[in-house]
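**Q** Mind looking over this structure? Questions follow.
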Amino acid sequence: MLGYIVRRILATIPVMIVVAVFVFALLHLSPGDPAAIIAGDNATAADIAHIRAQLGLDQPLLVQFGDWVWRLMRGDLGISIFTNLPVSMLIEQRLGPTVALTISTLIVSVVAAIPMGVLAAWKAGTWIDRVVMVFAVVGFSVPIFVLAYILIYILAIKTALLPVQGYVPLADGVVPFLSHLVMPSIALGMVFTALIARITRASMLDVLAQDYIRTAHAKGLSNERVLLRHALKNAAVPIATILGIGVALLIGGVVVTETVFAIPGLGRLTVDAILRRDYPIIQGVILIFSAAYVVVNLLVDLSYAFLDPRIRY
Amino acid sequence: MAVVPGNLDLVAASRPPRERGTVATYVRRHPTVVIGGGLLVLMLAMAIFAPWLGTVDPTALAPAHRLRWPSAEYWFGSDMLGRDIYSRTIYGARVSLIVGLSVALLATGLGLAIGLATGFNRWIDAVIMRVMDGLMAIPGILIAIALMALTRASIGNVIFAITVSEVPRVTRLVRSVVLTLRDQPFVEAAIASGTSQIRILWRHIVPNTLATLLVQGTYICASAMITEAILSFLGAGTPPIIPSWGNIMAEGRAVFLVAYYIVLFPGIFLSLTVLAINLLGDGLRDAIDPRLARRL
C-alpha cells in the first residue's frame with residue numbers, strides 16, 4: 001500500500017515535467033517573434049527590445065530553460081509584463097474566489113448527480129430513467145455561458161432572487177457569500193452533473209445485475225439499504241474516476257464562469273492576461289491549474305484503495 | 001395457360017415483409033441518430049444557404065437602428081451597432097460548423113497516425129505516451145487559450161489551437177484499440193503468414209479503429225464548437241469582425257441587461273447544434289456497440 005502511494009506520487013513527476021516543458025516551449029514555438037506579439041501592434045522597437053530583455057529572450061534557449069526551471073523550483077513564476085508584480089503574488093490574490101467556486105460547484109454537482117444516477121438505475125426503463133437521461137444529454141450540450149445567462153435572466157433580472165453577479169468573501173457574511181455562489185455553481189456544474197449522473201447510472205446498472213444484490217433483496221433488506229449500502233458502495237470506483245477526469249471540465253469552465261459573473265478569481269486573471277498578452281501570467285495560471293488537476297487525480301487514484309478494499313497494489 | 005397471378009401473389013407473400021416500412025423501422029430503432037442527424041443537416045443547410053434565407057449583410061452597420069427588439073423588420077433584433085442579429089446568427093453557423101468539422105477531421109486523423117505509431121513501436125510508444133500524459137494534464141481549453149494568446153486571431157489558428165488540445169485523447173483511444181487488436185487471432189495470423197507491417201496496419205488495424213473514431217469524432221466536433229464559442233466569447237478566438245456565435249454573444253454581454261436577445265439567439269443555436277451532434281454521437285455509439293447501448 002505504502003509502496004503504491006510512493007510510486008503513484010513519483011509518477012506525477014514526469015507528467016509535471018512535460019507540462020513545464022510545454023508551457024516554456026509555447027513562447028518559443030510560436031511563429032514570429034514572441035516579444036513583438038506580446039508587445040502588440042502599436043509597439044515601438046524599444047518596447048519590443050525591453051520585453052525581450054525582461055523575458056530573457058535574448059539568452060540562448062538552454063540557458064533560458066535552465067533559468068526558468070530553477071526559478072520555478074523556488075516558486076518564482078516570473079513578473080507580470082503589464083503590472084510589473086510577481087505572478088505568484090497575483091495568483092495568490094485571486095486564489096480564494098476560484099477555490100470557493102470550485103468547491104461549491106463540486107458539492108452542488110455531486111449532491112445533485114449521484115441521487116439522480118442511482119434513481120435512474122433503480123427505475124431503469126421508466127419515465128424517471130428517461131427524464132434523467134434527457135437531462136444528462138441536454139445538460140452536457142448547453143454551453144456554460146448560455147446557461148449562465150438564462151439563470152441570470154430568470155433568477156436575477158425577472159425575480160431578483162439572487163444578485164446578478166459579483167463575489168463576496170466568506171469573511172463578509174455567510175449569506176451574501178453563498179447567494180453570490182449559487183448561480184455560478186449551477187452554471188459551472190451543469191456539464192459535470194450531467195456526466196456524473198450518467199456514469200453513476202451506468203455503474204449502478206452493472207452492480208444491480210450482480211448476484212449479491214439479488215441475495216440482499218432475497219434476505220429481505222429494504223430497498224434503500226440495498227441501493228446505498230450494497231450497490232452504491234460497489235459502484236463507487238468508476239464514479240470516483242470520472243470525478244477526477246471531470247475536474248478538467250471544471251477548470252476550463254471556471255474561466256468562462258468567472259467572466260460572466262464578474263468573479264475576481266484565477267479565471268478572470270487569465271482572461272485579463274489574454275487581452276493584454278501578459279504571457280508570464282498565462283504560463284503561471286496554466287502551471288497552477290495543471291498541478292491542481294494532477295493532484296486531484298492522484299487523490300482519486302489513492303482513494304481506490306479505500307473505496308474498494310479488494311484493490312491491492 | 002392459366003398460370004401465374006396466384007403464384008406470383010404466393011411468392012410475394014412468402015417474402016419477408018422487409019421492403020415496407022424500412023425507414024419507419026430505422027427511425028424507431030435509432031431515434032437519436034435520426035433526430036440528431038436531422039437537426040445537424042438542417043444546421044448545415046442553414047449555413048450553406050445563408051444568403052438566401054432572408055438575411056442581409058451581417059456586418060452592415062445601421063447606427064440609426066441600434067438595439068431594436070425583435071420585430072418584423074429585425075427578426076432577432078439588432079445590436080448596439082444596428083447590425084441584424086438574425087443574419088449574424090445564420091452566418092455564424094458557418095464559423096461554428098467549419099471549426100467543428102475541421103477540428104474533428106484533423107484531430108482524429110492526427111490521433112490515428114500517432115496512435116498507430118505508438119501501438120506498433122515500443123520506443124515511440126514510451127516517449128509519445130509520456131508527452132501525451134503530460135499534455136492531458138493541462139485542461140484542453142487552457143492549451144487553446146495559450147496558443148491563441150500567442151498567435152493572431154484567425155479561424156485557421158482557432159482550428160489549430162483546438163486540434164492540439166484534442167489530439168492527446170484521440171491518440172490514447174487509438175493506442176488502446178491497437179493494443180487490443182494486436183493480440184487478436186486474425187492479426188497474429190497475418191503476422192505469421194509474413195504480411196508486411198504496413199499492410200497489417202492498413203488492412204487489419206485501421207479499418208477496425210474507424211468505428212470508434214467516428215463516434216469520437218462527433219464528440220470532438222461538439223466540444224470544438226463549444227471551445228470556439230468560448231474562445232471568441234473571451235476575446236481570444238475568431239476575429240471580432242467575423243460574425244460567429246461566440247463573437248455575437250461576447251458583444252451582447254455588455255448590454256445583456258437591456259437587450260438579452262442578442263445573447264439569447266446565438267446561444268439557442270449553439271446549444272441546439274451541439275445537442276444534435278451529441279445525440280448523433282450517442283446514437284452511432286449505440287449502433288456500433290449494442291452492449292454499451294443498454295447501459296449508457
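Following the order of the C-alpha cells, chains are lettered A, B, ..., residues in each are numbered from 1, and ligands are numbered from 1.
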Could I get the residues of chain A with an atom no further than 7 Å from an atom of chain B, each paired with its nearest atom pair and that distance in Å to one decimal, using only C-alpha atoms, sorted by chain and residue number, as a tab-separated table?

**A**
```
residue	atom	partner	partner_atom	distance
A:Val15	CA	B:Gly134	CA	4.4
A:Met16	CA	B:Gly134	CA	6.5
A:Val18	CA	B:Gly134	CA	4.9
A:Val19	CA	B:Gly134	CA	5.4
A:Ser30	CA	B:Leu150	CA	6.4
A:Ile37	CA	B:Leu150	CA	6.7
A:Val138	CA	B:Leu275	CA	6.4
A:Ser141	CA	B:Leu275	CA	5.0
A:Val142	CA	B:Ser271	CA	5.0
A:Pro143	CA	B:Ile226	CA	6.4
A:Val146	CA	B:Gly267	CA	5.4
A:Arg198	CA	B:Leu296	CA	6.7
A:Ala202	CA	B:Arg295	CA	5.1
A:Leu205	CA	B:Arg295	CA	6.8
A:Ala248	CA	B:Pro139	CA	5.1
A:Ile251	CA	B:Pro139	CA	6.8
A:Gly252	CA	B:Ile141	CA	5.5
A:Val271	CA	B:Leu234	CA	6.6
A:Ile274	CA	B:Ala149	CA	5.6
A:Leu275	CA	B:Gly235	CA	7.0
A:Arg277	CA	B:Ala149	CA	6.2
A:Ile282	CA	B:Ala146	CA	6.8
A:Ile286	CA	B:Leu142	CA	6.6
A:Ser290	CA	B:Ile138	CA	4.9
A:Tyr293	CA	B:Ala137	CA	6.5
A:Val294	CA	B:Ala137	CA	6.2
```

**Q** Since we have the selection now, will you write its residues out, keeping N, CA and C atoms, as a short mmCIF file (atom, residue, chain, number, x, y, z; two decimals), in the first residue's frame?

**A**
```cif
data_model
loop_
_atom_site.label_atom_id
_atom_site.label_comp_id
_atom_site.auth_asym_id
_atom_site.auth_seq_id
_atom_site.Cartn_x
_atom_site.Cartn_y
_atom_site.Cartn_z
N VAL A 15 5.00 13.74 -15.52
CA VAL A 15 3.86 14.48 -16.06
C VAL A 15 4.06 15.98 -15.89
N MET A 16 4.46 16.37 -14.67
CA MET A 16 4.65 17.80 -14.43
C MET A 16 5.83 18.36 -15.23
N VAL A 18 6.67 17.38 -18.27
CA VAL A 18 6.13 17.63 -19.62
C VAL A 18 5.31 18.92 -19.63
N VAL A 19 4.48 19.10 -18.58
CA VAL A 19 3.68 20.32 -18.51
C VAL A 19 4.60 21.55 -18.51
N SER A 30 5.96 29.54 -31.03
CA SER A 30 5.03 30.39 -31.75
C SER A 30 5.71 30.99 -32.97
N ILE A 37 4.90 39.93 -30.59
CA ILE A 37 3.48 39.60 -30.44
C ILE A 37 2.95 40.08 -29.10
N VAL A 138 -28.93 16.78 -22.54
CA VAL A 138 -29.12 18.22 -22.74
C VAL A 138 -28.12 19.01 -21.88
N SER A 141 -24.85 19.43 -23.32
CA SER A 141 -24.78 20.16 -24.59
C SER A 141 -24.92 21.67 -24.44
N VAL A 142 -25.46 22.13 -23.31
CA VAL A 142 -25.66 23.58 -23.17
C VAL A 142 -24.36 24.21 -22.68
N PRO A 143 -23.78 25.10 -23.49
CA PRO A 143 -22.54 25.74 -23.06
C PRO A 143 -22.75 26.55 -21.78
N VAL A 146 -24.24 30.10 -21.99
CA VAL A 146 -25.66 30.15 -22.35
C VAL A 146 -26.51 29.91 -21.12
N ARG A 198 -24.72 10.32 -15.48
CA ARG A 198 -24.68 9.29 -16.50
C ARG A 198 -23.79 8.10 -16.08
N ALA A 202 -24.81 4.18 -15.15
CA ALA A 202 -24.21 3.04 -15.84
C ALA A 202 -23.55 2.10 -14.84
N LEU A 205 -26.16 0.25 -12.78
CA LEU A 205 -26.83 -0.79 -13.56
C LEU A 205 -26.00 -2.07 -13.56
N ALA A 248 -11.12 18.55 -15.06
CA ALA A 248 -10.59 19.33 -16.19
C ALA A 248 -11.69 20.21 -16.79
N ILE A 251 -12.19 23.16 -14.48
CA ILE A 251 -11.12 24.16 -14.58
C ILE A 251 -11.30 25.01 -15.84
N GLY A 252 -11.60 24.33 -16.95
CA GLY A 252 -11.85 25.08 -18.18
C GLY A 252 -13.04 26.01 -18.01
N VAL A 271 -8.22 35.74 -18.27
CA VAL A 271 -8.83 36.47 -19.39
C VAL A 271 -8.18 37.85 -19.54
N ILE A 274 -4.93 37.38 -21.20
CA ILE A 274 -5.04 37.13 -22.65
C ILE A 274 -5.19 38.45 -23.39
N LEU A 275 -6.12 39.29 -22.89
CA LEU A 275 -6.41 40.54 -23.58
C LEU A 275 -5.19 41.44 -23.61
N ARG A 277 -2.07 40.22 -23.45
CA ARG A 277 -0.95 39.38 -23.87
C ARG A 277 0.13 39.35 -22.80
N ILE A 282 -0.20 33.99 -18.04
CA ILE A 282 -0.84 32.84 -18.68
C ILE A 282 -0.06 31.56 -18.36
N ILE A 286 -1.57 28.37 -16.17
CA ILE A 286 -1.63 27.01 -16.73
C ILE A 286 -0.91 26.04 -15.81
N SER A 290 -2.87 23.02 -13.98
CA SER A 290 -2.46 21.66 -14.32
C SER A 290 -2.00 20.91 -13.08
N TYR A 293 -4.97 19.79 -11.21
CA TYR A 293 -5.61 18.67 -11.89
C TYR A 293 -4.86 17.37 -11.60
N VAL A 294 -3.53 17.44 -11.66
CA VAL A 294 -2.71 16.26 -11.39
C VAL A 294 -2.91 15.79 -9.95
#
```

**Q** Taking 3 positions as the minimum chain separation for residues in the same chain, which residues sit within 10 Å of Asp129 of chain A when counting only C-alpha atoms? Answer as a PyMOL selection string.

**A** chain A and resi 116-126+132-135+201

**Q** Now that the selection is made, can you save its residues with C-alpha atoms as a compact mmCIF listing (two decimals), in the first residue's frame?

**A**
```txt
# COMPACT_ATOMS: atom_id res chain seq x y z
CA MET A 116 -30.21 11.15 -10.00
CA GLY A 117 -27.98 8.39 -11.31
CA VAL A 118 -28.98 5.95 -8.53
CA LEU A 119 -32.67 6.67 -9.06
CA ALA A 120 -32.38 6.26 -12.84
CA ALA A 121 -30.62 2.92 -12.46
CA TRP A 122 -33.08 1.66 -9.85
CA LYS A 123 -36.05 2.70 -12.00
CA ALA A 124 -34.33 1.74 -15.27
CA GLY A 125 -36.63 1.87 -18.28
CA THR A 126 -39.30 4.00 -16.58
CA VAL A 132 -32.62 11.73 -16.08
CA MET A 133 -31.08 10.60 -19.37
CA VAL A 134 -32.60 13.51 -21.30
CA PHE A 135 -31.26 15.83 -18.62
CA ARG A 201 -26.40 5.24 -13.64
```

**Q** Please list as a PyMOL selection string every residue within 8 Å of Ile144 of chain A, counting only C-alpha atoms and excluding residues in the same chain fewer than 2 positions away.

**A** chain A and resi 142+146-148+187-188+190-191+253+256-257

**Q** Excluding segment 107-121 of chain B and any residue of its chain fewer than 6 positions from it, enumerate the residues within 12 Å of it, using only C-alpha atoms, and give them as a PyMOL selection string.

**A** chain B and resi 99-101+127-132+159-183+197-198+200-202+204-221+223-224

**Q** Check the smallest atom-to-atom distance from each of A:His50, A:Arg310, A:Asp278, A:Gly265 to Glu92 of chain A using only C-alpha atoms, then report the winner.

**A**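 Using only C-alpha atoms, Glu92 of chain A sits closest to A:Gly265.
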
**Q** Could you state the separation of atom CA of Gly139 of chain A and atom CA of Leu195 of chain A in Å, given to one decimal place?

**A**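 That distance, rounded to one decimal, is 8.5 Å.
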
**Q** For each of B:Gly156, B:Val255, B:Leu280, B:Ile98, take the minimum atom-to-atom distance to Leu39 of chain B, counting only C-alpha atoms, then give the residue where this is smallest.

**A**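 Checking each of B:Gly156, B:Val255, B:Leu280, B:Ile98 against Leu39 of chain B, counting only C-alpha atoms, the winner is B:Leu280.
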
**Q** Go ahead and compute the interatomic distance for atom CA of Pro63 of chain B and atom CA of Pro51 of chain B, in Å to one decimal.

**A**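 We find that atom CA of Pro63 of chain B and atom CA of Pro51 of chain B lie 22.5 Å from each other.
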
**Q** Tell me, as an mmCIF file with C-alpha atoms, in the first residue's frame, which residues lie within 9 Å of Leu162 of chain A, counting only C-alpha atoms; anything in the same chain fewer than 6 positions away does not count.

**A**
```
data_model
loop_
_atom_site.group_PDB
_atom_site.id
_atom_site.type_symbol
_atom_site.label_atom_id
_atom_site.label_comp_id
_atom_site.auth_asym_id
_atom_site.auth_seq_id
_atom_site.Cartn_x
_atom_site.Cartn_y
_atom_site.Cartn_z
ATOM 1 C CA ILE A 152 -29.222 35.440 -14.648
ATOM 2 C CA LEU A 155 -33.220 34.331 -11.069
ATOM 3 C CA ALA A 156 -31.703 37.798 -11.019
ATOM 4 C CA SER A 179 -26.025 33.762 -2.502
ATOM 5 C CA HIS A 180 -23.337 35.012 -4.877
ATOM 6 C CA VAL A 182 -25.476 29.785 -6.263
ATOM 7 C CA MET A 183 -25.822 30.702 -9.944
#
```

**Q** For segment 51-63 of chain A, please output as a count of residues only all residues within 12 Å (counting only C-alpha atoms; exclusion window: fewer than 3 positions along the same chain).

**A** 36

**Q** Which residue is closest to Thr59 of chain B? Choose from B:Met46, B:Ile155, B:Ala126, B:Ile85 and count only C-alpha atoms.

**A**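 For Thr59 of chain B, the nearest of the given residues is B:Ile85.
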
**Q** I want to know what sits within 9 Å of Thr102 of chain A, based on only C-alpha atoms, with residues of the same chain fewer than 4 positions away left out; could you give that as a PyMOL selection string?

**A** chain A and resi 97-98+106-107+185+188-189+250-251+254

**Q** Take the residues just selected and output them with C-alpha atoms as a compact mmCIF listing (two decimals), in the first residue's frame.

**A**
```txt
# COMPACT_ATOMS: atom_id res chain seq x y z
CA PRO A 97 -12.76 33.09 -5.13
CA THR A 98 -11.73 30.30 -7.53
CA LEU A 106 -18.24 20.11 -6.72
CA ILE A 107 -20.68 19.87 -3.80
CA SER A 185 -22.05 26.92 -9.23
CA LEU A 188 -20.37 25.72 -13.99
CA GLY A 189 -21.60 22.41 -12.59
CA LEU A 250 -14.49 22.45 -14.19
CA ILE A 251 -11.12 24.16 -14.58
CA VAL A 254 -14.02 28.42 -14.33
```
